[in-house]
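Enquirer: What follows is a single structure, and I will ask about it in a moment.
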Amino acid sequence: MAEIAEELAELIGADLEGDPNWKVNACAAPEAATAGDLIFVEGEKHADAARRSQAGCVIAPPGISFRGKTVLRSATPKLAFAKAAAILHPLALIAQGIHPTAIISGKARLGRDVAVGPYAVVEDDAEIGAWTQIGPYAFIGREVSVGSECRLNARVTLYARVSIGARALIHSGVVVGADGFGLVRDEKTYVKFPQIGTVEIGDDVEIGANTTIDRGALGTTRLGNGVKIDNLVHIAHNVQIGENTAISAQTGIAGSTIIGKDCVIGGQVGMGDHCRIEDGAILGSKCGVLPGKIIKGGIPVWGIPAKPLPKYKEINFYHDRLPELAARVKALEAKKPKGKRTRKP
Amino acid sequence: MAEIAEELAELIGADLEGDPNWKVNACAAPEAATAGDLIFVEGEKHADAARRSQAGCVIAPPGISFRGKTVLRSATPKLAFAKAAAILHPLALIAQGIHPTAIISGKARLGRDVAVGPYAVVEDDAEIGAWTQIGPYAFIGREVSVGSECRLNARVTLYARVSIGARALIHSGVVVGADGFGLVRDEKTYVKFPQIGTVEIGDDVEIGANTTIDRGALGTTRLGNGVKIDNLVHIAHNVQIGENTAISAQTGIAGSTIIGKDCVIGGQVGMGDHCRIEDGAILGSKCGVLPGKIIKGGIPVWGIPAKPLPKYKEINFYHDRLPELAARVKALEAKKPKGKRTRKP
Amino acid sequence: MAEIAEELAELIGADLEGDPNWKVNACAAPEAATAGDLIFVEGEKHADAARRSQAGCVIAPPGISFRGKTVLRSATPKLAFAKAAAILHPLALIAQGIHPTAIISGKARLGRDVAVGPYAVVEDDAEIGAWTQIGPYAFIGREVSVGSECRLNARVTLYARVSIGARALIHSGVVVGADGFGLVRDEKTYVKFPQIGTVEIGDDVEIGANTTIDRGALGTTRLGNGVKIDNLVHIAHNVQIGENTAISAQTGIAGSTIIGKDCVIGGQVGMGDHCRIEDGAILGSKCGVLPGKIIKGGIPVWGIPAKPLPKYKEINFYHDRLPELAARVKALEAKKPKGKRTRKP
């Protein structure tokens, strides 16, 4: 969806320098761009690559000059570029109309212009908001609620009774509402602890491919508005995740852990059960939080078990020099007056 | 399925105190319970929350008193509660009858009252036990055997020839019987090592969403009776898992590793190939077991590589104090008589 | 597909010793083999098990003798066995013909003898190479290109515009081309960074069950010829993987990381974004590579953060003896002349 530079600048809140009628067709990376493309640059470091690019239009912060290009000035070029992309690259439809092979219960309620792809199944008493697109093979269980303008890609599974807010973007293979892993030992075997709660997901949530979000045991697993989750993440029963928290791939969160707002959580992180991760916490990739622990906001944590990054770095500095430290201890022992101690290896 | 307190007490093996005719409707958490709900308390620590709860009926161990509630006395309240939940909350049907869109080979054999959901596929010579429910999109490959009273949720995939015992509960996205990852280097490329074995899974097994269990290379990948597996777990070719072992989310087990009975394995654990995990072993979350290693039962192991927890804790104590230790070594060096050595950083 | 020993020897490049007309039916493990089976042995260590085996035919390196068995001599027995397996065990068909429930766009182009299983969906302008088999529920998005002789198992998902080379083997639950995890903070919420690139996968690639490979943000996520990937692996946007690199289960690779040719990457490895893994690198299981780091080829790396294995081992040696080192420092302090310093715990 091409735009002329002047209009695009206004839509993304940038100041135009250059040809107001320059036609912008698409977003691109500098090295692959052609004349009709838009690129962005965040600072002087990558400015030369942008200057060499064939792109005719560039989003750049003040103070970086380009010859022969139309420039959209923005103090936040990457953000402006993301906004431009939303205009230039409208999302392709996941489904159009109601496919004749979709099986939709007569007791389900579909809002205006809901689209349902081939072989999707929508069960009794499910409710789907207006303009939501449901992809092929999506399974919408009984009494599920899905908000408006959602995009459920092929093969999303929503177990009975879960609820999803507006504008969700859910990728293929996601499973929401399977049983949590709750077991009670009965002498030699396990008895299943009831997994009869549900999952409530807010608005503007994105969930990556093959991620699993279990239903609450008795209560509710909750994801706040604006939560963003990457691929292959595991979210156990009764976990609570605050607004605008982002979680990278393959992270696992055990039961009843509470995560605050605006947290940034790396990939392959593990959290035990009943942890409390406070608002604004930052958890480095692969770190581990022991059950019941509290992680404060503001300062990144790192390592297994997780500790504040400066402390982690200080310890790690000495850890990496352990052979030298051991040699120094040995030297001290060897040089002790009167040589009372024997040598250590 | 409501029960009166007297009958419920008998069914779960508890002693009744209070109104024998009190009607119990559902299980709940104390803070969300209403008069018709059943809650449980395991000790004095949470007793006040239970006392404040509006629940009319509580399962509690001897010695904790409640005013105005019917009490079901049990020495194992959580277990009794789990048993009550199985009575009060019968599981919803995954499928009813044979859906007309299910594609079932004429050569498949279905037991009594098998239910098959929409768009499921059951291939030649598959055998499904009585009262088993097969969810939407389930794929049951050739010569697969599934026992009786199983619950296969939407989108379970069973490759050809795998076998599953009775009363299995398998969640969405589970893949059983895909090829193991076996490669042989042929100068510049890899040749596939044959993955022509199978998978045999015992009775009463639960498998969490999006978990993958590969078929044996030449032999058989085996899960014993009562094995419980969480979400996104990886079980490689030829792995053997003993009875009543529980494995938490995102754990990975490499080829030919043998795990005993009654093991408790945390989340994000990694085991190399050809390990031997003995009966009753306890593996802490995120720990790593090197290929070929043996883990004894009885004492928890922790860390990467895994070591007995007391040893891990002792080492970790000093690890966290490495900066202080280094400072002490430096002090010793500085104070050495005759000052022959120069300072170290 | 049985073969006589003489022909089999020739097909796999081995030298025959014994009965040239011995009929070989199948590959097997020594302990389970019967007379018509073929086994292999790589060295003297396992030769006795092979001698005790009932297998009538054995692939073995020179210098190991067997009484009463037909021997196929090869300097690379495991490789020869893998080649024999490909002959004796032709792969079962994933699909035959075009199933009547497959939904194939009139604008899709299918090569000769393409097979499509039940409930598969092939969208507009997709192109499928000759002899490719597409399993049940496979979803082939718009403008997807799949090469010839591919095997897409049940429930493979290919988002729009991705391309796959010839002879791919893709397992159930794999998702190729979902959005990368790209976010730009806009004061209180996130704006989606465009994920409008694609995925290009070379020839002879194998991808394990439930693995996810995200599309490029602006550019392309690329897997070279001969890449082999295990289950539940996460490959982020714009990752590049060189030819014949193998990646074990549950490994995660963050955005824009470049991996060379012939690398061997263990399970549960984590790589930050913008790493460079050079040709022939070897990454031990569970190791972690920090964002932007370079890993050289040739020498294995290990640990979190990853370091060369000899260095890792040396440090780990001292790490495991930290309590003793601390005790030695304490002893040095206690024995200092003039006793000026107080004891430390």
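Within each chain, counting starts at residue 1; across the structure tokens, chains are named A, B, ... in the order shown, with ligands numbered 1 upward in that order.
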Return as an MDAnalysis selection string the full set of residues in region 189-338 of chain B whose backbone-based DSSP assignment is strand (DSSP E or B).
Expert: chainID B and resid 189:192 198:201 206:207 212:214 220:223 228:229 234:235 240:241 246:247 252:253 258:259 264:265 270:271 276:277 282:283 288:289 294:295 301:302 307:308
Enquirer: May I have a table of the residues of chain C lying at most 6 Å from chain A, giving each one's closest pair of atoms and their distance in Å to one decimal, counting only C-alpha atoms, ordered by chain and ascending residue number, as CSV?
Expert:
```
residue,atom,partner,partner_atom,distance
C:Phe181,CA,A:Asp230,CA,5.9
C:Val184,CA,A:Leu79,CA,5.8
C:Thr189,CA,A:Asn244,CA,5.9
C:Phe193,CA,A:Ala82,CA,4.8
C:Pro194,CA,A:Ala85,CA,5.9
C:Leu218,CA,A:Ala28,CA,5.7
C:Ile315,CA,A:Leu322,CA,5.9
```
Enquirer: Write out as a list of chain:residue names which residues come within 10 Å of Gly36 (chain B) when counting only C-alpha atoms, dropping same-chain ones fewer than 3 positions away.
Expert: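 Final neighbour list, sorted by chain and number: B:Ala2, B:Trp22, B:Lys23, B:Val24, B:Asn25, B:Ala26, B:Cys27, B:Ala28, B:Ala33, B:Gln54, B:Ala55, B:Gly56, B:Cys57.
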Enquirer: From a backbone DSSP assignment, name each residue in region 66-222 of chain B labelled helix (DSSP H, G or I), as a list of chain:residue names.
Expert: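 Taking region 66-222 of chain B and keeping helix (DSSP H, G or I) gives B:Pro77, B:Lys78, B:Leu79, B:Ala80, B:Phe81, B:Ala82, B:Lys83, B:Ala84, B:Ala85, B:Ala86, B:Ile87, B:Leu88.
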Enquirer: Measuring atom to atom with only C-alpha atoms, identify which of A:Ala95, A:Ala5, A:Ala14, A:Ile104 is nearest to Thr70 (chain A).
Expert: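 Smallest separation from Thr70 (chain A) among the options: A:Ala5.
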Enquirer: Residues near Ile164 (chain A), anyone? I mean within 6 Å using only C-alpha atoms, not counting same-chain ones fewer than 4 positions away, as a PyMOL selection string.
Expert: chain A and resi 146-147+201
Enquirer: Need to verify the contact set: Glu200 (chain C), 7 Å, only C-alpha atoms, exclusion of same-chain residues closer than 3 positions in sequence. Can you return it as a PyMOL selection string?
Expert: chain C and resi 162-164+220-223
Enquirer: Restrict the selected residues to all heavy atoms and save them as an mmCIF file, in the first residue's frame.
Expert:
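File written: part06.cif
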```cif
data_model
loop_
_atom_site.group_PDB
_atom_site.id
_atom_site.type_symbol
_atom_site.label_atom_id
_atom_site.label_comp_id
_atom_site.auth_asym_id
_atom_site.auth_seq_id
_atom_site.Cartn_x
_atom_site.Cartn_y
_atom_site.Cartn_z
ATOM 1 N N VAL C 162 7.265 -19.062 2.196
ATOM 2 C CA VAL C 162 8.513 -19.740 2.532
ATOM 3 C C VAL C 162 8.870 -20.716 1.415
ATOM 4 O O VAL C 162 8.026 -21.125 0.625
ATOM 5 C CB VAL C 162 8.440 -20.480 3.893
ATOM 6 C CG1 VAL C 162 7.882 -19.567 4.974
ATOM 7 C CG2 VAL C 162 7.633 -21.751 3.799
ATOM 8 N N SER C 163 10.157 -21.055 1.335
ATOM 9 C CA SER C 163 10.561 -22.016 0.316
ATOM 10 C C SER C 163 11.434 -23.110 0.915
ATOM 11 O O SER C 163 12.260 -22.862 1.791
ATOM 12 C CB SER C 163 11.255 -21.293 -0.833
ATOM 13 O OG SER C 163 12.633 -21.329 -0.690
ATOM 14 N N ILE C 164 11.191 -24.328 0.450
ATOM 15 C CA ILE C 164 11.847 -25.539 0.959
ATOM 16 C C ILE C 164 12.451 -26.255 -0.248
ATOM 17 O O ILE C 164 11.787 -26.366 -1.275
ATOM 18 C CB ILE C 164 10.802 -26.488 1.599
ATOM 19 C CG1 ILE C 164 9.857 -25.754 2.552
ATOM 20 C CG2 ILE C 164 11.471 -27.696 2.217
ATOM 21 C CD1 ILE C 164 10.341 -25.575 3.929
ATOM 22 N N THR C 220 15.730 -12.534 5.164
ATOM 23 C CA THR C 220 15.417 -13.945 5.012
ATOM 24 C C THR C 220 16.106 -14.788 6.079
ATOM 25 O O THR C 220 17.278 -14.594 6.349
ATOM 26 C CB THR C 220 15.885 -14.415 3.617
ATOM 27 O OG1 THR C 220 15.225 -13.628 2.634
ATOM 28 C CG2 THR C 220 15.576 -15.878 3.375
ATOM 29 N N THR C 221 15.364 -15.700 6.676
ATOM 30 C CA THR C 221 15.949 -16.742 7.525
ATOM 31 C C THR C 221 16.366 -17.871 6.586
ATOM 32 O O THR C 221 15.561 -18.308 5.767
ATOM 33 C CB THR C 221 14.897 -17.246 8.529
ATOM 34 O OG1 THR C 221 14.400 -16.137 9.273
ATOM 35 C CG2 THR C 221 15.486 -18.274 9.470
ATOM 36 N N ARG C 222 17.614 -18.341 6.731
ATOM 37 C CA ARG C 222 18.136 -19.290 5.735
ATOM 38 C C ARG C 222 18.755 -20.526 6.374
ATOM 39 O O ARG C 222 19.589 -20.419 7.257
ATOM 40 C CB ARG C 222 19.256 -18.632 4.924
ATOM 41 C CG ARG C 222 18.804 -18.061 3.644
ATOM 42 C CD ARG C 222 19.920 -17.753 2.662
ATOM 43 N NE ARG C 222 19.365 -16.856 1.660
ATOM 44 C CZ ARG C 222 19.329 -15.543 1.773
ATOM 45 N NH1 ARG C 222 19.856 -14.953 2.820
ATOM 46 N NH2 ARG C 222 18.767 -14.817 0.821
ATOM 47 N N LEU C 223 18.367 -21.692 5.867
ATOM 48 C CA LEU C 223 19.003 -22.943 6.246
ATOM 49 C C LEU C 223 19.616 -23.544 4.991
ATOM 50 O O LEU C 223 18.922 -23.764 3.991
ATOM 51 C CB LEU C 223 17.994 -23.935 6.830
ATOM 52 C CG LEU C 223 17.606 -23.776 8.312
ATOM 53 C CD1 LEU C 223 16.909 -22.463 8.579
ATOM 54 C CD2 LEU C 223 16.745 -24.938 8.770
#
```
Enquirer: Which is closer to Ala130 (chain B) than all the others in B:Val269, B:Ile258, B:Val239, B:Val114, using only C-alpha atoms?
Expert: B:Val114
Enquirer: List the spatial neighbours of Arg142 (chain B) as number ranges by chain - criterion: any atom at most 6 Å away, only C-alpha atoms, same-chain residues fewer than 6 positions off excluded.
Expert: B: 123-126, 160
Enquirer: Store the residues of this selection in a file with C-alpha atoms, as a short mmCIF file (atom, residue, chain, number, x, y, z; two decimals), in the first residue's frame.
Expert:
```cif
data_model
loop_
_atom_site.label_atom_id
_atom_site.label_comp_id
_atom_site.auth_asym_id
_atom_site.auth_seq_id
_atom_site.Cartn_x
_atom_site.Cartn_y
_atom_site.Cartn_z
CA GLU B 123 -5.46 -45.24 9.48
CA ASP B 124 -5.33 -48.91 8.47
CA ASP B 125 -5.02 -51.56 11.15
CA ALA B 126 -5.14 -49.09 14.02
CA ALA B 160 2.53 -45.54 12.65
#
```
Enquirer: Using only C-alpha atoms, which of C:Glu143, C:His237, C:Pro77, C:Thr132 sits nearest Gly177 (chain C)?
Expert: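 Counting only C-alpha atoms, the residue closest to Gly177 (chain C) is C:His237.
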Enquirer: For Val144 (chain B), which residue among B:Ala217, B:Ile299, B:Val199, B:Leu309 is the nearest when counting only C-alpha atoms?
Expert: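 Going through B:Ala217, B:Ile299, B:Val199, B:Leu309 one by one, the smallest distance to Val144 (chain B) is for B:Val199.
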Enquirer: Using only C-alpha atoms, which protein or nucleic acid residues come within 9 Å of Gly111 (chain C)? Drop anything in the same chain fewer than 2 positions from it, and give the result as a list in words.
Expert: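 Final neighbour list, sorted by chain and number: Arg109, Asp113, Val114, Glu127, Ile128, Gly129, Ala130, Trp131, Thr132 and Ser148 of chain C.
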